Amino acid sequence: MPDLVTVFGGSGFLGRAVVAALAPCWTVRVAARHPNRGIDPKAAGVSGVEADIRDGEMVGHAVAGSAAVVNAVGLYSERGGETFAAVHVEGAERVARAASDAGVQRLVHVSGIGVYSESPSAYVRARADGERRVREAFENAVIVRPSVIIGPDDALLGGLDAVTRLAPIIPLFGRGDTRLQPVFVHDVARAVSAVLEHASPLPIYELGGACTCTYRELVQMVLAHRGRRRLLAPFPLFAWNAIATVASLLPSPPLTPDQLELMRADNVVAAEGVGTFADLGITPGAVDELLDRCLS
């Protein structure tokens with residue numbers, strides 16, 4: 001099947017959107033531990049295969065016969081054998097090497113804005129090391145780095161909506177001055193599809209929405225959208241770190257030290273040296289215009 005694209009993580013939040021964006025033009029294979037979660041029963045040309053990127057045999061079977069591969073696997077909290085190193089470093093390299101060995105023509109690896117190998121965050125370090133290993137294993141791999149992704153049932157806006165509904169006082173991360181460029185999940189999926197169709201894609205694309213805002217401003221947008229009035233209170237990051245350390249012990253932690261580390265630095269598209277939505281002919285949406293679609 002020369003038009004077959006395999007999407008690892010195709011049952012996840014971003015992966016489902018990628019599958020939907022690719023389905024009109026490609027035969028799509030969803031590679032995930034629970035692949036049926038990413039398959040729309042009404043979508044023609046979409047099938048599933050059970051795969052865990054920690055398992056080399058499964059990965060090799062999943063990429064067989066593919067013209068293109070997308071790795072959209074994301075792990076934000078470590079648990080047992082699911083570690084950042086196992087998924088974002090070793091797993092990413094395993095997918096890239098299997099794709100190269102299988103003669104796959106194009107590989108898109110989804111990472112994130114702001115990754116660097118010296119980060120205090122194990123998550124960020126793993127993402128950076130994963131990018132390096134992917135490039136070593138698949139020379140022409142394209143790295144896609146979205147800013148924080150929003151959409152229906154997302155963690156960011158959905159979490160803010162829940163907190164502002166219940167709490168009279170909303171604690172901010174520090175003074176809430178961290179700058180974000182929230183990007184709509186379907187815009188990222190369109191970009192992945194465009195990269196696969198592009199004759200000469202750039203090696204790295206950083207994807208941010210049309211609106212750059214501070215965390216404080218984002219909270220205020222949610223409050224205004226819901227017609228709520230709440231007090232916003234600065235809360236020191238060292239205190240958040242203690243909370244995150246304790247919360248990370250829970251089965252499904254609402255906040256981890258690695259997630260907190262992401263709030264210490266701006267998460268916006270680099271000024272130069274990378275491709276953007278504009279290079280793909282895509283105009284992304286702005287968070288204030290997308291609240292109706294993200295918050296049902």
# chains A, B, ... in the order shown; residues from 1 in each chain; ligands from 1

$ closest_atom_pairs --of "segment 115-194 of chain A" --to "segment 96-102 of chain A" --cutoff "10 Å" --atoms "only C-alpha atoms" --output "CSV"
residue,atom,partner,partner_atom,distance
A:Arg133,CA,A:Ala96,CA,8.3
A:Val134,CA,A:Ala96,CA,5.5
A:Arg135,CA,A:Ala96,CA,8.1
A:Glu136,CA,A:Ala96,CA,8.7
A:Ala137,CA,A:Arg97,CA,5.0
A:Phe138,CA,A:Ala96,CA,5.6
A:Glu139,CA,A:Ser100,CA,8.7
A:Asn140,CA,A:Ser100,CA,9.8
A:Ala141,CA,A:Ala96,CA,8.1

$ residues_around --residues "segment 5-17 of chain A" --least-positions-apart "4" --cutoff "6 Å" --atoms "only C-alpha atoms" --output "ChimeraX atom specification"
/A:28-32,35,37-38,66-73,186,189

$ write_last_selection --atoms "C-alpha atoms" --output "mmCIF file, in the first residue's frame"
data_model
loop_
_atom_site.group_PDB
_atom_site.id
_atom_site.type_symbol
_atom_site.label_atom_id
_atom_site.label_comp_id
_atom_site.auth_asym_id
_atom_site.auth_seq_id
_atom_site.Cartn_x
_atom_site.Cartn_y
_atom_site.Cartn_z
ATOM 1 C CA VAL A 28 -4.086 5.094 7.829
ATOM 2 C CA ARG A 29 -2.882 2.498 10.305
ATOM 3 C CA VAL A 30 -3.352 3.362 13.989
ATOM 4 C CA ALA A 31 -0.505 1.820 16.012
ATOM 5 C CA ALA A 32 -1.255 1.872 19.743
ATOM 6 C CA PRO A 35 -5.790 1.077 18.588
ATOM 7 C CA ARG A 37 -9.841 4.017 20.540
ATOM 8 C CA GLY A 38 -8.396 6.019 17.665
ATOM 9 C CA SER A 66 4.271 2.091 5.269
ATOM 10 C CA ALA A 67 5.143 4.998 2.997
ATOM 11 C CA ALA A 68 5.191 7.343 5.990
ATOM 12 C CA VAL A 69 5.237 7.128 9.775
ATOM 13 C CA VAL A 70 4.091 9.633 12.406
ATOM 14 C CA ASN A 71 5.158 9.276 16.033
ATOM 15 C CA ALA A 72 2.601 11.132 18.155
ATOM 16 C CA VAL A 73 3.149 9.146 21.357
ATOM 17 C CA HIS A 186 -6.667 20.112 14.760
ATOM 18 C CA ALA A 189 -2.889 17.679 12.898
#

$ closest_residue --among "A:Val183, A:Leu262, A:Val104, A:Val59" --to "Ala210 of chain A" --atoms "only C-alpha atoms"
A:Val183

$ residues_around --residues "Arg216 of chain A" --least-positions-apart "3" --cutoff "8 Å" --atoms "only C-alpha atoms" --output "list in words"
Leu172, Arg175, Gly176, Asp177, Val219, Gln220 and Leu232 of chain A

$ residues_around --residues "Val188 of chain A" --least-positions-apart "4" --cutoff "12 Å" --atoms "only C-alpha atoms" --output "PDB file with N, CA and C atoms, in the first residue's frame"
ATOM      1  N   PHE A  13      -4.846  11.946  22.398  1.00  0.00           N
ATOM      2  CA  PHE A  13      -5.491  13.239  22.175  1.00  0.00           C
ATOM      3  C   PHE A  13      -5.075  13.845  20.836  1.00  0.00           C
ATOM      4  N   LEU A  14      -3.773  13.983  20.611  1.00  0.00           N
ATOM      5  CA  LEU A  14      -3.297  14.502  19.331  1.00  0.00           C
ATOM      6  C   LEU A  14      -3.403  13.453  18.237  1.00  0.00           C
ATOM      7  N   GLY A  15      -3.090  12.220  18.563  1.00  0.00           N
ATOM      8  CA  GLY A  15      -3.091  11.158  17.554  1.00  0.00           C
ATOM      9  C   GLY A  15      -4.418  10.992  16.852  1.00  0.00           C
ATOM     10  N   ARG A  16      -5.523  11.097  17.581  1.00  0.00           N
ATOM     11  CA  ARG A  16      -6.845  10.960  16.958  1.00  0.00           C
ATOM     12  C   ARG A  16      -7.086  12.061  15.940  1.00  0.00           C
ATOM     13  N   ALA A  17      -6.632  13.277  16.280  1.00  0.00           N
ATOM     14  CA  ALA A  17      -6.792  14.391  15.342  1.00  0.00           C
ATOM     15  C   ALA A  17      -5.920  14.190  14.106  1.00  0.00           C
ATOM     16  N   VAL A  18      -4.717  13.653  14.290  1.00  0.00           N
ATOM     17  CA  VAL A  18      -3.831  13.379  13.157  1.00  0.00           C
ATOM     18  C   VAL A  18      -4.459  12.341  12.237  1.00  0.00           C
ATOM     19  N   VAL A  19      -5.006  11.295  12.810  1.00  0.00           N
ATOM     20  CA  VAL A  19      -5.661  10.258  12.006  1.00  0.00           C
ATOM     21  C   VAL A  19      -6.806  10.855  11.199  1.00  0.00           C
ATOM     22  N   ALA A  20      -7.613  11.706  11.829  1.00  0.00           N
ATOM     23  CA  ALA A  20      -8.737  12.331  11.133  1.00  0.00           C
ATOM     24  C   ALA A  20      -8.263  13.231   9.996  1.00  0.00           C
ATOM     25  N   ALA A  21      -7.134  13.922  10.196  1.00  0.00           N
ATOM     26  CA  ALA A  21      -6.614  14.814   9.159  1.00  0.00           C
ATOM     27  C   ALA A  21      -6.041  14.033   7.978  1.00  0.00           C
ATOM     28  N   LEU A  22      -5.474  12.870   8.259  1.00  0.00           N
ATOM     29  CA  LEU A  22      -4.838  12.073   7.205  1.00  0.00           C
ATOM     30  C   LEU A  22      -5.823  11.207   6.435  1.00  0.00           C
ATOM     31  N   ALA A  72       3.318  10.152  17.338  1.00  0.00           N
ATOM     32  CA  ALA A  72       2.601  11.132  18.155  1.00  0.00           C
ATOM     33  C   ALA A  72       2.391  10.614  19.575  1.00  0.00           C
ATOM     34  N   VAL A 110       6.755  13.975  16.629  1.00  0.00           N
ATOM     35  CA  VAL A 110       6.159  15.074  17.398  1.00  0.00           C
ATOM     36  C   VAL A 110       6.897  15.221  18.723  1.00  0.00           C
ATOM     37  N   SER A 111       7.408  16.413  18.960  1.00  0.00           N
ATOM     38  CA  SER A 111       8.129  16.724  20.190  1.00  0.00           C
ATOM     39  C   SER A 111       7.429  17.898  20.866  1.00  0.00           C
ATOM     40  N   GLY A 112       8.156  18.924  21.246  1.00  0.00           N
ATOM     41  CA  GLY A 112       7.528  20.080  21.882  1.00  0.00           C
ATOM     42  C   GLY A 112       8.462  21.276  21.895  1.00  0.00           C
ATOM     43  N   VAL A 144       8.325  18.027  14.636  1.00  0.00           N
ATOM     44  CA  VAL A 144       7.233  18.985  14.827  1.00  0.00           C
ATOM     45  C   VAL A 144       7.136  19.295  16.314  1.00  0.00           C
ATOM     46  N   ARG A 145       7.278  20.577  16.648  1.00  0.00           N
ATOM     47  CA  ARG A 145       7.246  20.996  18.053  1.00  0.00           C
ATOM     48  C   ARG A 145       6.065  21.933  18.307  1.00  0.00           C
ATOM     49  N   PRO A 146       4.956  21.422  18.780  1.00  0.00           N
ATOM     50  CA  PRO A 146       3.839  22.317  19.105  1.00  0.00           C
ATOM     51  C   PRO A 146       4.041  22.991  20.459  1.00  0.00           C
ATOM     52  N   SER A 147       3.417  24.153  20.618  1.00  0.00           N
ATOM     53  CA  SER A 147       3.284  24.748  21.937  1.00  0.00           C
ATOM     54  C   SER A 147       2.214  23.939  22.677  1.00  0.00           C
ATOM     55  N   VAL A 148       1.758  24.422  23.804  1.00  0.00           N
ATOM     56  CA  VAL A 148       0.744  23.695  24.567  1.00  0.00           C
ATOM     57  C   VAL A 148      -0.504  23.514  23.696  1.00  0.00           C
ATOM     58  N   ILE A 149      -0.982  22.272  23.622  1.00  0.00           N
ATOM     59  CA  ILE A 149      -2.076  21.936  22.705  1.00  0.00           C
ATOM     60  C   ILE A 149      -3.415  22.027  23.436  1.00  0.00           C
ATOM     61  N   ILE A 150      -4.371  22.695  22.782  1.00  0.00           N
ATOM     62  CA  ILE A 150      -5.716  22.826  23.336  1.00  0.00           C
ATOM     63  C   ILE A 150      -6.725  22.175  22.397  1.00  0.00           C
ATOM     64  N   GLY A 151      -7.889  21.864  22.939  1.00  0.00           N
ATOM     65  CA  GLY A 151      -8.944  21.239  22.157  1.00  0.00           C
ATOM     66  C   GLY A 151     -10.002  20.682  23.085  1.00  0.00           C
ATOM     67  N   PRO A 182      -0.940  28.890  22.922  1.00  0.00           N
ATOM     68  CA  PRO A 182      -1.786  27.698  22.787  1.00  0.00           C
ATOM     69  C   PRO A 182      -2.179  27.429  21.340  1.00  0.00           C
ATOM     70  N   VAL A 183      -2.088  26.173  20.951  1.00  0.00           N
ATOM     71  CA  VAL A 183      -2.341  25.805  19.556  1.00  0.00           C
ATOM     72  C   VAL A 183      -3.426  24.736  19.508  1.00  0.00           C
ATOM     73  N   PHE A 184      -4.372  24.917  18.603  1.00  0.00           N
ATOM     74  CA  PHE A 184      -5.517  24.020  18.488  1.00  0.00           C
ATOM     75  C   PHE A 184      -5.064  22.657  17.963  1.00  0.00           C
ATOM     76  N   VAL A 192       0.824  18.355  10.476  1.00  0.00           N
ATOM     77  CA  VAL A 192       1.451  17.045  10.264  1.00  0.00           C
ATOM     78  C   VAL A 192       1.103  16.515   8.883  1.00  0.00           C
ATOM     79  N   SER A 193      -0.158  16.634   8.506  1.00  0.00           N
ATOM     80  CA  SER A 193      -0.579  16.196   7.175  1.00  0.00           C
ATOM     81  C   SER A 193       0.133  16.988   6.090  1.00  0.00           C
ATOM     82  N   ALA A 194       0.260  18.306   6.275  1.00  0.00           N
ATOM     83  CA  ALA A 194       0.917  19.152   5.281  1.00  0.00           C
ATOM     84  C   ALA A 194       2.397  18.820   5.148  1.00  0.00           C
ATOM     85  N   VAL A 195       3.049  18.487   6.251  1.00  0.00           N
ATOM     86  CA  VAL A 195       4.456  18.094   6.207  1.00  0.00           C
ATOM     87  C   VAL A 195       4.631  16.843   5.342  1.00  0.00           C
ATOM     88  N   TYR A 205       9.699  22.175  12.598  1.00  0.00           N
ATOM     89  CA  TYR A 205       8.591  23.138  12.597  1.00  0.00           C
ATOM     90  C   TYR A 205       8.168  23.385  14.038  1.00  0.00           C
ATOM     91  N   GLU A 206       8.077  24.652  14.423  1.00  0.00           N
ATOM     92  CA  GLU A 206       7.512  25.001  15.716  1.00  0.00           C
ATOM     93  C   GLU A 206       6.139  25.618  15.473  1.00  0.00           C
ATOM     94  N   LEU A 207       5.147  25.101  16.181  1.00  0.00           N
ATOM     95  CA  LEU A 207       3.753  25.433  15.904  1.00  0.00           C
ATOM     96  C   LEU A 207       3.101  26.088  17.116  1.00  0.00           C
ATOM     97  N   GLY A 208       2.731  27.339  16.939  1.00  0.00           N
ATOM     98  CA  GLY A 208       2.016  28.055  17.987  1.00  0.00           C
ATOM     99  C   GLY A 208       0.763  28.684  17.427  1.00  0.00           C
ATOM    100  N   GLY A 209      -0.225  28.871  18.269  1.00  0.00           N
ATOM    101  CA  GLY A 209      -1.466  29.496  17.839  1.00  0.00           C
ATOM    102  C   GLY A 209      -1.272  30.966  17.520  1.00  0.00           C
ATOM    103  N   THR A 276       7.348  27.275  10.446  1.00  0.00           N
ATOM    104  CA  THR A 276       6.140  27.571  11.210  1.00  0.00           C
ATOM    105  C   THR A 276       4.915  27.197  10.380  1.00  0.00           C
ATOM    106  N   PHE A 277       3.737  27.482  10.927  1.00  0.00           N
ATOM    107  CA  PHE A 277       2.506  27.256  10.172  1.00  0.00           C
ATOM    108  C   PHE A 277       2.554  27.974   8.825  1.00  0.00           C
ATOM    109  N   LEU A 280       3.799  26.193   5.904  1.00  0.00           N
ATOM    110  CA  LEU A 280       2.933  25.109   5.452  1.00  0.00           C
ATOM    111  C   LEU A 280       1.623  25.634   4.867  1.00  0.00           C
ATOM    112  N   ILE A 282      -0.686  27.381   6.429  1.00  0.00           N
ATOM    113  CA  ILE A 282      -1.781  27.206   7.391  1.00  0.00           C
ATOM    114  C   ILE A 282      -1.874  28.433   8.283  1.00  0.00           C
ATOM    115  N   THR A 283      -3.090  28.931   8.476  1.00  0.00           N
ATOM    116  CA  THR A 283      -3.333  30.012   9.426  1.00  0.00           C
ATOM    117  C   THR A 283      -3.965  29.409  10.677  1.00  0.00           C
ATOM    118  N   PRO A 284      -3.240  29.389  11.800  1.00  0.00           N
ATOM    119  CA  PRO A 284      -3.789  28.747  13.007  1.00  0.00           C
ATOM    120  C   PRO A 284      -4.816  29.626  13.696  1.00  0.00           C
ATOM    121  N   GLY A 285      -5.649  29.004  14.500  1.00  0.00           N
ATOM    122  CA  GLY A 285      -6.635  29.746  15.267  1.00  0.00           C
ATOM    123  C   GLY A 285      -6.021  30.361  16.511  1.00  0.00           C
TER     124      GLY A 285
END

$ atom_distance --atom1 "atom CA of Ala44 of chain A" --atom2 "atom CA of Ala191 of chain A"
21.4 Å

$ atom_distance --atom1 "atom CA of Val46 of chain A" --atom2 "atom CA of Leu196 of chain A"
17.1 Å

$ select_by_dssp --residues "segment 16-133 of chain A" --states "strand (DSSP E)" --output "PyMOL selection string"
chain A and resi 27-32+46-50+68-71+106-110

$ write_last_selection --atoms "N, CA and C atoms" --output "short mmCIF file (atom, residue, chain, number, x, y, z; two decimals), in the first residue's frame"
data_model
loop_
_atom_site.label_atom_id
_atom_site.label_comp_id
_atom_site.auth_asym_id
_atom_site.auth_seq_id
_atom_site.Cartn_x
_atom_site.Cartn_y
_atom_site.Cartn_z
N THR A 27 -4.31 5.95 3.31
CA THR A 27 -4.71 4.79 4.09
C THR A 27 -3.97 4.89 5.41
N VAL A 28 -4.68 4.82 6.53
CA VAL A 28 -4.09 5.09 7.83
C VAL A 28 -4.11 3.86 8.71
N ARG A 29 -2.98 3.59 9.33
CA ARG A 29 -2.88 2.50 10.31
C ARG A 29 -2.62 3.10 11.68
N VAL A 30 -3.51 2.87 12.62
CA VAL A 30 -3.35 3.36 13.99
C VAL A 30 -2.55 2.33 14.77
N ALA A 31 -1.36 2.72 15.24
CA ALA A 31 -0.50 1.82 16.01
C ALA A 31 -0.50 2.28 17.47
N ALA A 32 -1.13 1.49 18.34
CA ALA A 32 -1.26 1.87 19.74
C ALA A 32 -1.57 0.62 20.55
N VAL A 46 -9.15 3.28 7.46
CA VAL A 46 -8.42 3.38 8.72
C VAL A 46 -8.50 2.03 9.44
N SER A 47 -7.34 1.49 9.78
CA SER A 47 -7.29 0.20 10.49
C SER A 47 -6.39 0.36 11.71
N GLY A 48 -6.36 -0.66 12.54
CA GLY A 48 -5.55 -0.59 13.76
C GLY A 48 -4.64 -1.78 13.91
N VAL A 49 -3.54 -1.57 14.60
CA VAL A 49 -2.63 -2.65 14.94
C VAL A 49 -2.13 -2.40 16.36
N GLU A 50 -2.12 -3.43 17.17
CA GLU A 50 -1.64 -3.29 18.54
C GLU A 50 -0.12 -3.11 18.52
N ALA A 68 4.87 6.29 5.02
CA ALA A 68 5.19 7.34 5.99
C ALA A 68 4.82 6.87 7.39
N VAL A 69 5.50 7.45 8.37
CA VAL A 69 5.24 7.13 9.77
C VAL A 69 5.16 8.43 10.56
N VAL A 70 4.21 8.50 11.48
CA VAL A 70 4.09 9.63 12.41
C VAL A 70 4.19 9.08 13.83
N ASN A 71 5.07 9.66 14.62
CA ASN A 71 5.16 9.28 16.03
C ASN A 71 4.54 10.38 16.87
N ARG A 106 9.10 8.86 4.64
CA ARG A 106 9.04 10.07 5.45
C ARG A 106 8.62 9.74 6.87
N LEU A 107 9.28 10.39 7.83
CA LEU A 107 8.97 10.22 9.25
C LEU A 107 8.74 11.59 9.87
N VAL A 108 7.61 11.73 10.58
CA VAL A 108 7.31 12.93 11.35
C VAL A 108 7.32 12.55 12.82
N HIS A 109 8.16 13.23 13.59
CA HIS A 109 8.29 12.96 15.02
C HIS A 109 7.77 14.17 15.79
N VAL A 110 6.76 13.98 16.63
CA VAL A 110 6.16 15.07 17.40
C VAL A 110 6.90 15.22 18.72
#

$ closest_residue --among "A:Gly56, A:Pro171, A:Pro120, A:Gly159" --to "Leu295 of chain A" --atoms "only C-alpha atoms"
A:Gly159

$ select_by_dssp --residues "segment 20-169 of chain A" --states "alpha helix (DSSP H)" --output "VMD selection string"
chain A and resid 20 to 22 56 to 63 84 92 to 101 122 to 137 156 to 166

$ residues_around --residues "Ile169 of chain A" --least-positions-apart "2" --cutoff "6 Å" --atoms "only C-alpha atoms" --output "ChimeraX atom specification"
/A:167,230-232

$ write_last_selection --atoms "C-alpha atoms" --output "PDB file, in the first residue's frame"
ATOM      1  CA  ALA A 167     -12.511  27.662  43.645  1.00  0.00           C
ATOM      2  CA  ARG A 230     -12.590  35.054  40.764  1.00  0.00           C
ATOM      3  CA  LEU A 231      -9.612  36.440  42.654  1.00  0.00           C
ATOM      4  CA  LEU A 232      -6.273  35.598  41.012  1.00  0.00           C
TER       5      LEU A 232
END

$ closest_residue --among "A:Pro254, A:Pro201, A:Gly174, A:Gly114" --to "Ser77 of chain A" --atoms "only C-alpha atoms"
A:Pro254

$ atom_distance --atom1 "atom CA of Tyr76 of chain A" --atom2 "atom CA of Asp187 of chain A"
21.2 Å

$ residues_around --residues "Gln259 of chain A" --least-positions-apart "2" --cutoff "10 Å" --atoms "only C-alpha atoms" --output "PyMOL selection string"
chain A and resi 76-77+121+123-124+241+244+254-257+261-264

$ write_last_selection --atoms "N, CA and C atoms" --output "tab-separated table (two decimals), in the first residue's frame"
chain	number	residue	atom	x	y	z
A	76	TYR	N	3.35	12.01	29.93
A	76	TYR	CA	3.56	13.20	30.75
A	76	TYR	C	3.75	12.88	32.23
A	77	SER	N	3.56	11.60	32.59
A	77	SER	CA	3.75	11.18	33.97
A	77	SER	C	4.29	9.76	33.97
A	121	SER	N	14.20	19.41	33.99
A	121	SER	CA	13.07	18.51	33.86
A	121	SER	C	13.46	17.23	33.12
A	123	TYR	N	11.46	15.18	31.83
A	123	TYR	CA	10.59	15.11	30.65
A	123	TYR	C	11.19	15.90	29.49
A	124	VAL	N	11.61	17.13	29.74
A	124	VAL	CA	12.18	17.97	28.69
A	124	VAL	C	13.49	17.38	28.17
A	241	ASN	N	6.21	23.57	43.88
A	241	ASN	CA	7.07	22.41	43.73
A	241	ASN	C	6.80	21.38	44.83
A	244	ALA	N	3.52	19.72	43.91
A	244	ALA	CA	3.68	18.81	42.77
A	244	ALA	C	4.40	17.53	43.17
A	254	PRO	N	-2.52	15.31	39.23
A	254	PRO	CA	-2.97	16.51	38.53
A	254	PRO	C	-1.82	17.45	38.18
A	255	LEU	N	-0.70	17.30	38.88
A	255	LEU	CA	0.46	18.15	38.63
A	255	LEU	C	1.71	17.39	39.06
A	256	THR	N	2.76	17.46	38.23
A	256	THR	CA	4.03	16.81	38.54
A	256	THR	C	5.14	17.86	38.51
A	257	PRO	N	6.28	17.59	39.15
A	257	PRO	CA	7.40	18.54	39.09
A	257	PRO	C	7.84	18.85	37.67
A	261	GLU	N	7.93	22.50	35.90
A	261	GLU	CA	9.15	23.06	35.29
A	261	GLU	C	8.83	23.73	33.96
A	262	LEU	N	7.83	23.19	33.23
A	262	LEU	CA	7.44	23.79	31.96
A	262	LEU	C	6.84	25.18	32.13
A	263	MET	N	6.33	25.47	33.33
A	263	MET	CA	5.72	26.77	33.58
A	263	MET	C	6.74	27.83	33.99
A	264	ARG	N	8.01	27.47	34.08
A	264	ARG	CA	9.05	28.42	34.47
A	264	ARG	C	9.58	29.21	33.28

$ closest_residue --among "A:Val95, A:Ala247, A:Ala122, A:Ala199" --to "Leu75 of chain A" --atoms "only C-alpha atoms"
A:Ala122

$ closest_residue --among "A:Arg79, A:Arg226, A:Ala86, A:Ile170" --to "Ser252 of chain A" --atoms "only C-alpha atoms"
A:Arg79

$ closest_residue --among "A:Gly80, A:Pro41, A:Gly130, A:Gly103" --to "Leu249 of chain A" --atoms "only C-alpha atoms"
A:Gly80
